[in-house]
>>> print(open('run-v8.csv').read())   # CSV, C-alpha atoms
chain,number,residue,atom,x,y,z
A,114,MET,CA,-32.3,-0.4,-6.3
A,115,HIS,CA,-29.8,-0.2,-9.1
A,116,TYR,CA,-27.3,2.5,-10.0
A,117,PRO,CA,-28.3,4.6,-13.0
A,118,LYS,CA,-27.3,3.1,-16.3
A,119,PRO,CA,-24.3,5.4,-17.1
A,120,ILE,CA,-22.7,4.4,-13.8
A,121,ARG,CA,-23.4,0.7,-14.3
A,122,GLU,CA,-21.7,0.9,-17.7
A,123,LEU,CA,-18.7,2.7,-16.3
A,124,ILE,CA,-18.4,0.1,-13.5
A,125,ALA,CA,-18.5,-2.7,-16.1
A,126,ALA,CA,-15.7,-1.0,-18.1
A,127,LEU,CA,-13.5,-0.4,-15.0
A,128,LYS,CA,-13.9,-4.0,-13.9
A,129,ALA,CA,-11.7,-5.0,-16.8
A,130,LEU,CA,-8.7,-3.5,-15.1
A,131,PRO,CA,-6.5,-6.0,-13.4
A,132,GLY,CA,-7.4,-6.9,-9.8
A,133,VAL,CA,-10.5,-4.6,-9.9
A,134,GLY,CA,-13.7,-6.3,-8.6
A,135,PRO,CA,-17.2,-4.9,-8.4
A,136,LYS,CA,-16.6,-3.0,-5.1
A,137,THR,CA,-13.4,-1.3,-6.3
A,138,ALA,CA,-15.0,-0.5,-9.7
A,139,GLU,CA,-18.0,1.1,-7.9
A,140,ARG,CA,-15.6,3.1,-5.7
A,141,TYR,CA,-13.7,4.4,-8.7
A,142,ALA,CA,-16.9,5.2,-10.6
A,143,PHE,CA,-18.4,7.3,-7.8
A,144,HIS,CA,-15.0,9.0,-7.3
A,145,LEU,CA,-14.8,9.8,-11.0
A,146,LEU,CA,-18.3,11.5,-10.7
A,147,GLY,CA,-16.7,14.0,-8.3
A,148,TRP,CA,-13.9,14.9,-10.8
A,149,SER,CA,-14.0,18.1,-12.7
A,150,GLU,CA,-15.0,18.1,-16.3
A,151,ALA,CA,-11.4,19.1,-17.2
A,152,GLN,CA,-9.9,16.2,-15.2
A,153,ILE,CA,-12.2,13.6,-16.8
A,154,GLN,CA,-11.4,15.0,-20.3
A,155,GLU,CA,-7.7,14.8,-19.5
A,156,LEU,CA,-7.9,11.2,-18.4
A,157,ALA,CA,-10.0,10.2,-21.4
A,158,LYS,CA,-7.5,12.0,-23.7
A,159,ARG,CA,-4.5,10.3,-22.1
A,160,LEU,CA,-6.2,6.9,-22.4
A,161,ILE,CA,-6.6,7.4,-26.1
A,162,THR,CA,-3.1,9.0,-26.6
A,163,VAL,CA,-1.3,6.2,-24.9
A,164,ARG,CA,-2.3,3.8,-27.6
A,165,THR,CA,-1.7,6.1,-30.6
A,166,ALA,CA,1.6,7.6,-29.4
A,167,LEU,CA,3.2,4.2,-28.6
A,168,SER,CA,3.8,1.2,-30.7
A,169,SER,CA,5.7,-2.1,-30.2
A,170,CYS,CA,8.9,-3.0,-31.9
A,171,SER,CA,8.1,-5.7,-34.5
A,172,HIS,CA,11.3,-7.5,-33.6
A,173,CYS,CA,11.6,-7.5,-29.8
A,174,GLY,CA,8.1,-6.3,-28.8
A,175,CYS,CA,9.5,-3.5,-26.6
A,176,LEU,CA,7.5,-0.3,-26.3
A,177,LEU,CA,8.4,2.5,-28.7
A,178,ASP,CA,7.7,6.2,-28.5
A,179,GLN,CA,9.8,6.9,-31.6
A,180,PRO,CA,10.2,5.1,-34.9
A,181,GLU,CA,13.3,3.1,-34.0
A,182,CYS,CA,13.8,0.6,-31.3
A,183,LEU,CA,16.4,1.6,-28.7
A,184,PHE,CA,17.1,-2.0,-27.7
A,185,CYS,CA,17.4,-3.9,-31.0
A,186,ASP,CA,20.4,-1.6,-32.1
A,187,ARG,CA,22.5,-2.8,-29.1
A,188,GLU,CA,25.6,-4.8,-29.9
A,189,SER,CA,25.3,-7.7,-27.4
A,190,ASP,CA,25.4,-11.5,-27.2
A,191,LEU,CA,22.9,-11.5,-24.3
A,192,LEU,CA,19.2,-11.6,-24.8
A,193,CYS,CA,16.7,-11.3,-22.0
A,194,VAL,CA,13.3,-12.8,-22.4
A,195,VAL,CA,10.4,-11.2,-20.4
A,196,ALA,CA,6.7,-11.7,-20.3
A,197,SER,CA,5.6,-8.0,-20.6
A,198,ALA,CA,7.0,-4.8,-22.0
A,199,LYS,CA,6.8,-3.3,-18.5
A,200,ASP,CA,9.4,-5.8,-17.2
A,201,VAL,CA,12.0,-4.3,-19.6
A,202,PHE,CA,11.9,-1.0,-17.7
A,203,SER,CA,12.4,-2.8,-14.3
A,204,ILE,CA,15.4,-4.7,-15.7
A,205,GLU,CA,16.9,-1.6,-17.3
A,206,ALA,CA,16.5,0.2,-13.9
A,207,THR,CA,18.8,-2.4,-12.3
A,208,GLY,CA,21.6,-1.4,-14.7
A,209,LEU,CA,22.8,-5.0,-14.9
A,210,HIS,CA,21.6,-5.8,-18.4
A,211,ARG,CA,22.6,-3.7,-21.4
A,212,GLY,CA,21.8,-6.4,-24.0
A,213,LEU,CA,18.8,-7.3,-26.2
A,214,TYR,CA,15.3,-8.1,-25.1
A,215,HIS,CA,12.4,-10.2,-26.3
A,216,VAL,CA,8.9,-9.6,-25.0
A,217,LEU,CA,6.7,-12.8,-25.0
A,218,GLY,CA,3.4,-10.9,-24.4
A,219,GLY,CA,2.3,-13.2,-21.6
A,220,LEU,CA,3.1,-16.6,-20.0
A,221,LEU,CA,1.9,-20.1,-20.8
A,222,SER,CA,-1.3,-20.8,-19.0
A,223,PRO,CA,-3.2,-23.9,-20.2
A,224,LEU,CA,-6.0,-23.3,-17.8
A,225,ASP,CA,-6.7,-20.0,-19.4
A,226,GLY,CA,-6.3,-21.6,-22.9
A,227,ARG,CA,-3.0,-19.7,-23.5
A,228,GLY,CA,-0.5,-22.0,-25.3
A,229,PRO,CA,2.8,-21.4,-27.0
A,230,ALA,CA,1.0,-20.1,-30.1
A,231,HIS,CA,-0.3,-17.1,-28.1
A,232,LEU,CA,3.2,-16.0,-27.2
A,233,ALA,CA,5.9,-14.5,-29.4
A,234,ILE,CA,8.0,-17.7,-29.4
A,235,GLY,CA,8.1,-18.1,-33.2
A,236,THR,CA,9.7,-14.6,-33.6
A,237,LEU,CA,12.1,-15.3,-30.8
A,238,LYS,CA,13.3,-18.5,-32.5
A,239,ALA,CA,13.6,-16.6,-35.8
A,240,ARG,CA,15.6,-13.9,-34.1
A,241,LEU,CA,18.0,-16.3,-32.4
A,242,LYS,CA,18.8,-17.8,-35.9
A,243,THR,CA,20.1,-14.5,-37.2
A,244,LEU,CA,21.5,-12.9,-33.9
A,245,ARG,CA,24.8,-14.1,-32.4
A,246,VAL,CA,23.4,-14.7,-28.9
A,247,THR,CA,25.5,-16.8,-26.4
A,248,GLU,CA,23.1,-16.5,-23.5
A,249,VAL,CA,19.3,-16.3,-23.3
A,250,ILE,CA,18.2,-15.0,-19.9
A,251,LEU,CA,14.7,-16.0,-18.9
A,252,ALA,CA,13.5,-13.2,-16.6
A,253,LEU,CA,10.0,-14.6,-15.9
A,254,ASP,CA,7.6,-14.5,-12.9
A,255,SER,CA,8.3,-16.9,-10.1
A,256,THR,CA,4.9,-18.4,-10.4
A,257,VAL,CA,3.4,-21.7,-11.8
A,258,GLU,CA,2.9,-20.0,-15.2
A,259,GLY,CA,6.4,-18.5,-15.2
A,260,ASP,CA,8.0,-21.8,-14.2
A,261,ALA,CA,6.0,-23.7,-16.9
A,262,THR,CA,7.0,-21.1,-19.5
A,263,ALA,CA,10.7,-21.2,-18.5
A,264,LEU,CA,10.8,-25.0,-18.6
A,265,PHE,CA,9.1,-25.0,-22.1
A,266,LEU,CA,11.5,-22.3,-23.4
A,267,LYS,CA,14.6,-24.0,-22.0
A,268,GLU,CA,13.8,-27.1,-24.1
A,269,GLU,CA,12.7,-25.1,-27.2
A,270,LEU,CA,15.7,-22.8,-27.2
A,271,ALA,CA,18.4,-25.4,-26.4
A,272,ALA,CA,21.4,-25.2,-28.7
A,273,PRO,CA,25.0,-26.3,-28.3
A,274,GLN,CA,26.5,-22.9,-28.6
A,275,ARG,CA,23.9,-21.1,-26.4
A,276,ARG,CA,23.3,-21.1,-22.6
A,277,VAL,CA,19.7,-20.7,-21.4
A,278,SER,CA,19.7,-19.3,-17.9
A,279,ARG,CA,17.0,-18.2,-15.4
A,280,LEU,CA,16.9,-15.5,-12.7
A,281,ALA,CA,18.1,-16.8,-9.3
A,282,HIS,CA,15.6,-17.8,-6.7
A,283,GLY,CA,16.1,-16.9,-3.0
A,284,LEU,CA,15.3,-14.5,-0.2
A,285,PRO,CA,14.0,-11.1,-1.4
A,286,LEU,CA,16.1,-8.3,0.1
A,287,GLY,CA,15.0,-6.9,3.5
A,288,SER,CA,12.8,-9.9,4.4
A,289,PRO,CA,13.0,-11.5,7.8
A,290,LEU,CA,13.5,-15.3,7.6
A,291,GLU,CA,10.4,-16.0,9.7
A,292,TYR,CA,8.1,-14.6,7.0
A,293,ILE,CA,9.7,-16.6,4.1
A,294,ASP,CA,7.6,-19.5,2.8
A,295,GLY,CA,9.1,-23.0,2.9
A,296,GLY,CA,9.5,-23.3,-0.9
A,297,THR,CA,11.5,-20.0,-1.1
A,298,LEU,CA,13.6,-21.0,1.9
A,299,ALA,CA,14.4,-24.4,0.3
A,300,ARG,CA,15.4,-22.7,-3.0
A,301,ALA,CA,17.6,-20.2,-1.1
A,302,PHE,CA,19.2,-23.0,0.8
A,303,SER,CA,20.0,-25.2,-2.1
A,304,GLY,CA,21.2,-22.2,-4.1
A,305,ARG,CA,23.4,-20.8,-1.4
A,306,GLY,CA,26.8,-19.5,-2.3
B,145,MET,CA,15.3,4.4,-17.5
B,146,HIS,CA,11.9,6.1,-17.5
B,147,TYR,CA,8.6,5.0,-19.1
B,148,PRO,CA,7.7,6.9,-22.3
B,149,LYS,CA,5.9,10.2,-21.7
B,150,PRO,CA,2.4,9.1,-22.7
B,151,ILE,CA,2.5,6.2,-20.1
B,152,ARG,CA,3.9,8.5,-17.4
B,153,GLU,CA,1.0,11.0,-18.1
B,154,LEU,CA,-1.6,8.2,-17.9
B,155,ILE,CA,0.0,6.9,-14.7
B,156,ALA,CA,-0.2,10.4,-13.2
B,157,ALA,CA,-3.9,10.6,-14.1
B,158,LEU,CA,-4.8,7.2,-12.8
B,159,LYS,CA,-3.1,7.9,-9.5
B,160,ALA,CA,-5.9,10.4,-8.7
B,161,LEU,CA,-8.3,7.4,-8.3
B,162,PRO,CA,-8.9,6.5,-4.6
B,163,GLY,CA,-6.4,4.1,-3.1
B,164,VAL,CA,-4.3,3.9,-6.3
B,165,GLY,CA,-0.6,4.4,-5.7
B,166,PRO,CA,2.2,4.5,-8.2
B,167,LYS,CA,2.5,0.7,-8.5
B,168,THR,CA,-1.2,0.1,-9.1
B,169,ALA,CA,-1.3,3.0,-11.5
B,170,GLU,CA,1.6,1.5,-13.5
B,171,ARG,CA,-0.1,-1.9,-13.5
B,172,TYR,CA,-3.4,-0.3,-14.8
B,173,ALA,CA,-1.5,1.7,-17.4
B,174,PHE,CA,0.3,-1.2,-18.9
B,175,HIS,CA,-2.8,-3.3,-18.8
B,176,LEU,CA,-4.6,-0.6,-20.7
B,177,LEU,CA,-1.9,-0.7,-23.4
B,178,GLY,CA,-3.0,-4.2,-24.1
B,179,TRP,CA,-6.7,-3.3,-24.6
B,180,SER,CA,-8.1,-3.1,-28.0
B,181,GLU,CA,-8.8,0.3,-29.6
B,182,ALA,CA,-12.5,-0.3,-29.3
B,183,GLN,CA,-12.3,-1.1,-25.6
B,184,ILE,CA,-10.3,2.0,-24.8
B,185,GLN,CA,-12.7,4.2,-26.8
B,186,GLU,CA,-15.6,2.6,-24.9
B,187,LEU,CA,-14.0,3.4,-21.5
B,188,ALA,CA,-13.2,7.0,-22.6
B,189,LYS,CA,-16.7,7.5,-23.8
B,190,ARG,CA,-18.3,6.1,-20.7
B,191,LEU,CA,-16.0,8.3,-18.5
B,192,ILE,CA,-17.3,11.4,-20.3
B,193,THR,CA,-21.0,10.2,-20.5
B,194,VAL,CA,-21.2,9.5,-16.9
B,195,ARG,CA,-20.8,13.2,-16.1
B,196,THR,CA,-23.0,14.5,-18.8
B,197,ALA,CA,-25.9,12.0,-18.4
B,198,LEU,CA,-26.1,12.3,-14.6
B,199,SER,CA,-26.9,15.3,-12.5
B,200,SER,CA,-27.5,15.9,-8.8
B,201,CYS,CA,-30.8,16.9,-7.3
B,202,SER,CA,-30.5,20.5,-6.2
B,203,HIS,CA,-32.5,19.7,-3.1
B,204,CYS,CA,-31.3,16.4,-1.7
B,205,GLY,CA,-28.0,15.9,-3.7
B,206,CYS,CA,-29.1,12.4,-4.9
B,207,LEU,CA,-27.9,11.3,-8.3
B,208,LEU,CA,-30.4,11.8,-11.2
B,209,ASP,CA,-30.5,10.2,-14.6
B,210,GLN,CA,-33.9,11.9,-15.3
B,211,PRO,CA,-35.1,15.5,-14.8
B,212,GLU,CA,-37.0,14.7,-11.6
B,213,CYS,CA,-35.8,13.4,-8.3
B,214,LEU,CA,-37.2,10.0,-7.3
B,215,PHE,CA,-36.6,10.6,-3.6
B,216,CYS,CA,-37.8,14.2,-3.0
B,217,ASP,CA,-41.3,13.3,-4.1
B,218,ARG,CA,-41.7,10.8,-1.3
B,219,GLU,CA,-44.3,11.5,1.4
B,220,SER,CA,-42.3,10.7,4.6
B,221,ASP,CA,-41.4,12.2,7.9
B,222,LEU,CA,-38.1,10.4,8.0
B,223,LEU,CA,-34.9,12.0,6.5
B,224,CYS,CA,-31.7,10.1,6.1
B,225,VAL,CA,-28.4,12.0,6.0
B,226,VAL,CA,-25.5,10.4,4.1
B,227,ALA,CA,-22.0,11.5,3.1
B,228,SER,CA,-22.1,10.5,-0.5
B,229,ALA,CA,-24.7,9.8,-3.2
B,230,LYS,CA,-23.4,6.2,-3.4
B,231,ASP,CA,-24.6,5.5,0.2
B,232,VAL,CA,-28.2,6.2,-0.9
B,233,PHE,CA,-28.1,3.1,-3.1
B,234,SER,CA,-26.8,0.9,-0.3
B,235,ILE,CA,-29.5,2.1,2.1
B,236,GLU,CA,-32.2,1.6,-0.6
B,237,ALA,CA,-31.0,-1.9,-1.1
B,238,THR,CA,-31.7,-2.8,2.6
B,239,GLY,CA,-35.4,-1.9,1.9
B,240,LEU,CA,-35.6,-0.4,5.5
B,241,HIS,CA,-35.9,3.2,4.5
B,242,ARG,CA,-38.4,4.6,2.1
B,243,GLY,CA,-38.1,8.2,3.2
B,244,LEU,CA,-36.2,11.3,2.2
B,245,TYR,CA,-32.5,11.7,1.8
B,246,HIS,CA,-29.9,14.4,2.1
B,247,VAL,CA,-26.4,14.0,0.7
B,248,LEU,CA,-23.7,16.0,2.5
B,249,GLY,CA,-21.1,15.6,-0.1
B,250,GLY,CA,-18.4,14.5,2.4
B,251,LEU,CA,-17.6,14.5,6.1
B,252,LEU,CA,-16.0,17.1,8.3
B,253,SER,CA,-12.2,16.7,8.3
B,254,PRO,CA,-10.4,19.6,9.9
B,255,LEU,CA,-7.0,18.1,9.0
B,256,ASP,CA,-7.9,18.2,5.3
B,257,GLY,CA,-9.3,21.7,5.7
B,258,ARG,CA,-12.9,20.5,5.2
B,259,GLY,CA,-15.3,22.4,7.5
B,260,PRO,CA,-19.1,22.7,7.8
B,261,ALA,CA,-19.1,25.2,4.9
B,262,HIS,CA,-17.8,22.5,2.5
B,263,LEU,CA,-20.8,20.3,3.2
B,264,ALA,CA,-24.4,20.7,2.2
B,265,ILE,CA,-25.5,21.6,5.8
B,266,GLY,CA,-27.1,25.0,4.9
B,267,THR,CA,-29.4,23.4,2.4
B,268,LEU,CA,-30.2,20.6,4.9
B,269,LYS,CA,-31.3,23.2,7.5
B,270,ALA,CA,-33.3,25.1,5.0
B,271,ARG,CA,-35.1,21.8,3.9
B,272,LEU,CA,-35.8,20.9,7.5
B,273,LYS,CA,-37.6,24.2,7.9
B,274,THR,CA,-40.1,23.5,5.1
B,275,LEU,CA,-40.4,19.7,5.4
B,276,ARG,CA,-42.3,18.0,8.2
B,277,VAL,CA,-39.6,15.7,9.4
B,278,THR,CA,-39.9,14.0,12.8
B,279,GLU,CA,-36.7,12.0,12.6
B,280,VAL,CA,-33.3,12.7,11.0
B,281,ILE,CA,-31.2,9.5,10.7
B,282,LEU,CA,-27.5,10.2,10.5
B,283,ALA,CA,-26.2,7.3,8.4
B,284,LEU,CA,-22.5,8.2,8.4
B,285,ASP,CA,-19.2,6.3,8.4
B,286,SER,CA,-18.1,4.8,11.7
B,287,THR,CA,-14.8,6.7,11.5
B,288,VAL,CA,-13.3,9.7,13.3
B,289,GLU,CA,-14.7,12.0,10.5
B,290,GLY,CA,-18.1,10.3,10.6
B,291,ASP,CA,-18.3,10.6,14.4
B,292,ALA,CA,-17.2,14.2,14.3
B,293,THR,CA,-19.8,15.1,11.6
B,294,ALA,CA,-22.6,13.2,13.5
B,295,LEU,CA,-21.8,15.0,16.7
B,296,PHE,CA,-21.8,18.4,14.9
B,297,LEU,CA,-25.1,17.7,13.1
B,298,LYS,CA,-26.7,16.4,16.3
B,299,GLU,CA,-26.2,19.8,17.9
B,300,GLU,CA,-27.0,21.8,14.7
B,301,LEU,CA,-30.2,20.0,13.9
B,302,ALA,CA,-31.5,19.7,17.4
B,303,ALA,CA,-35.2,20.8,17.7
B,304,PRO,CA,-37.9,20.0,20.2
B,305,GLN,CA,-40.3,18.3,17.7
B,306,ARG,CA,-37.5,16.3,15.9
B,307,ARG,CA,-35.4,13.2,16.9
B,308,VAL,CA,-31.8,13.0,15.5
B,309,SER,CA,-30.7,9.4,15.5
B,310,ARG,CA,-27.6,7.5,14.4
B,311,LEU,CA,-27.0,4.0,12.9
B,312,ALA,CA,-26.4,1.4,15.6
B,313,HIS,CA,-22.9,0.3,16.4
B,314,GLY,CA,-22.1,-3.4,17.1
B,315,LEU,CA,-20.8,-6.6,15.6
B,316,PRO,CA,-20.9,-6.8,11.8
B,317,LEU,CA,-22.9,-10.0,10.7
B,318,GLY,CA,-20.8,-13.1,10.2
B,319,SER,CA,-17.8,-12.0,12.2
B,320,PRO,CA,-16.2,-14.2,14.9
B,321,LEU,CA,-15.9,-12.5,18.2
B,322,GLU,CA,-12.1,-13.1,18.4
B,323,TYR,CA,-11.5,-10.8,15.4
B,324,ILE,CA,-13.6,-7.9,16.7
B,325,ASP,CA,-11.6,-4.9,18.0
B,326,GLY,CA,-12.0,-3.7,21.6
B,327,GLY,CA,-13.9,-0.5,20.7
B,328,THR,CA,-16.5,-2.3,18.6
B,329,LEU,CA,-16.9,-5.0,21.3
B,330,ALA,CA,-17.4,-2.4,24.0
B,331,ARG,CA,-20.1,-0.6,21.8
B,332,ALA,CA,-21.8,-3.9,21.1
B,333,PHE,CA,-21.8,-4.7,24.8
B,334,SER,CA,-23.2,-1.5,26.0
B,335,GLY,CA,-25.8,-1.4,23.2
B,336,ARG,CA,-27.0,-5.0,23.8
B,337,GLY,CA,-30.7,-5.7,23.6
>>> encode(input="run-v8.csv", output="structure tokens")
Amino acid sequence: MHYPKPIRELIAALKALPGVGPKTAERYAFHLLGWSEAQIQELAKRLITVRTALSSCSHCGCLLDQPECLFCDRESDLLCVVASAKDVFSIEATGLHRGLYHVLGGLLSPLDGRGPAHLAIGTLKARLKTLRVTEVILALDSTVEGDATALFLKEELAAPQRRVSRLAHGLPLGSPLEYIDGGTLARAFSGRG
Amino acid sequence: MHYPKPIRELIAALKALPGVGPKTAERYAFHLLGWSEAQIQELAKRLITVRTALSSCSHCGCLLDQPECLFCDRESDLLCVVASAKDVFSIEATGLHRGLYHVLGGLLSPLDGRGPAHLAIGTLKARLKTLRVTEVILALDSTVEGDATALFLKEELAAPQRRVSRLAHGLPLGSPLEYIDGGTLARAFSGRG
């Protein structure tokens, strides 16, 4: 026996969320059935508002909730390249970077058909021509896609007057050595200081 | 640095989904930002539709997408008691029960302040007075709350002409013995046949 059509449609829509499979989507859908009318309307309203109230800076790709970009105005010779606008908030929270940003909008992933043309690499190169940037910091995921993207960008952005650096690899804070995988341990070892 | 207000509000709304903490809600919110206008509108529409297109049977509590209940019309002397309307679909899918249902709308949980008055126990007792039911099958979670509810109902529904049974406990199919917890193994052992 199948679920009624409105639930099946809601489940299908919820499955588009990252990491949500059929079981989780079903659980969410039936939970949402128990919400009050007001709660559902509120969620629906916020879903729609979040897209209309926010925009992306046409230069750096950072999220904007006001007409002008907070980051592009900064006087800095450091530019940090990230995959998603969310990463900007995490890096800002560390307090260690008060420079410029550039959001790629994803990572290279040939298996998913995502090549350099799908990322904001053209605008990054154009920005680097006009900005006086002495260091480009590649703050990308420590995954196969992140590594591939970093290698690609390191070649693409190479210039005599500019350093292209990457985030350090090593032990995450608070992790016992026995739970660290071999690859991470090797990188932590060779990068010791 | 904080996320812009529309994202914070969306994150707060998404955190009300079951099992969704702040990190998952953030991930969903930023993923939703990347959805197309049409996709977002579709999700919002389906959220609202699911509540208006569906109702609950006033007798058994099962979900209805039409005026009349499919289950209450059945000629049967078996009645299966479940915690949520979702469980009805799982039991129907087994093909082993073609009888009546009764949805409690939750389980007893004194710690969360959920007592018998919060569940559809009154209507269950009223139905049992008019229906000719020879067996009530308690198909409840195998958790502390499920066990407490089953024990409570077993006493409440006791009657000379009526059996009150529970789902069997034992090994789930396909599970190696070495991963089975002691409690389950003991129940499987004592219930062997």
>>> atom_distance(input="run-v8.csv", atom1="CA of Val194 (chain A)", atom2="CA of Tyr214 (chain A)")
5.8 Å
>>> residues_around(input="run-v8.csv", residues="Val277 (chain B)", least_positions_apart="2", cutoff="9 Å", atoms="all atoms listed in the file", output="PDB file with C-alpha atoms, in the frame of the given file")
ATOM      1  CA  SER B 220     -42.300  10.700   4.600  1.00  0.00           C
ATOM      2  CA  ASP B 221     -41.400  12.200   7.900  1.00  0.00           C
ATOM      3  CA  LEU B 222     -38.100  10.400   8.000  1.00  0.00           C
ATOM      4  CA  LEU B 223     -34.900  12.000   6.500  1.00  0.00           C
ATOM      5  CA  LEU B 272     -35.800  20.900   7.500  1.00  0.00           C
ATOM      6  CA  LYS B 273     -37.600  24.200   7.900  1.00  0.00           C
ATOM      7  CA  THR B 274     -40.100  23.500   5.100  1.00  0.00           C
ATOM      8  CA  LEU B 275     -40.400  19.700   5.400  1.00  0.00           C
ATOM      9  CA  GLU B 279     -36.700  12.000  12.600  1.00  0.00           C
ATOM     10  CA  VAL B 280     -33.300  12.700  11.000  1.00  0.00           C
ATOM     11  CA  GLN B 305     -40.300  18.300  17.700  1.00  0.00           C
ATOM     12  CA  ARG B 306     -37.500  16.300  15.900  1.00  0.00           C
ATOM     13  CA  ARG B 307     -35.400  13.200  16.900  1.00  0.00           C
TER      14      ARG B 307
END
>>> interface_residues(input="run-v8.csv", of="chain B", to="chain A", cutoff="6 Å", atoms="all atoms listed in the file", output="number ranges by chain")
B: 145, 150, 154, 157, 187-188, 190, 194, 237
>>> atom_distance(input="run-v8.csv", atom1="CA of Ser278 (chain A)", atom2="CA of His172 (chain A)")
21.4 Å
>>> atom_distance(input="run-v8.csv", atom1="CA of Asp256 (chain B)", atom2="CA of Thr293 (chain B)")
13.8 Å
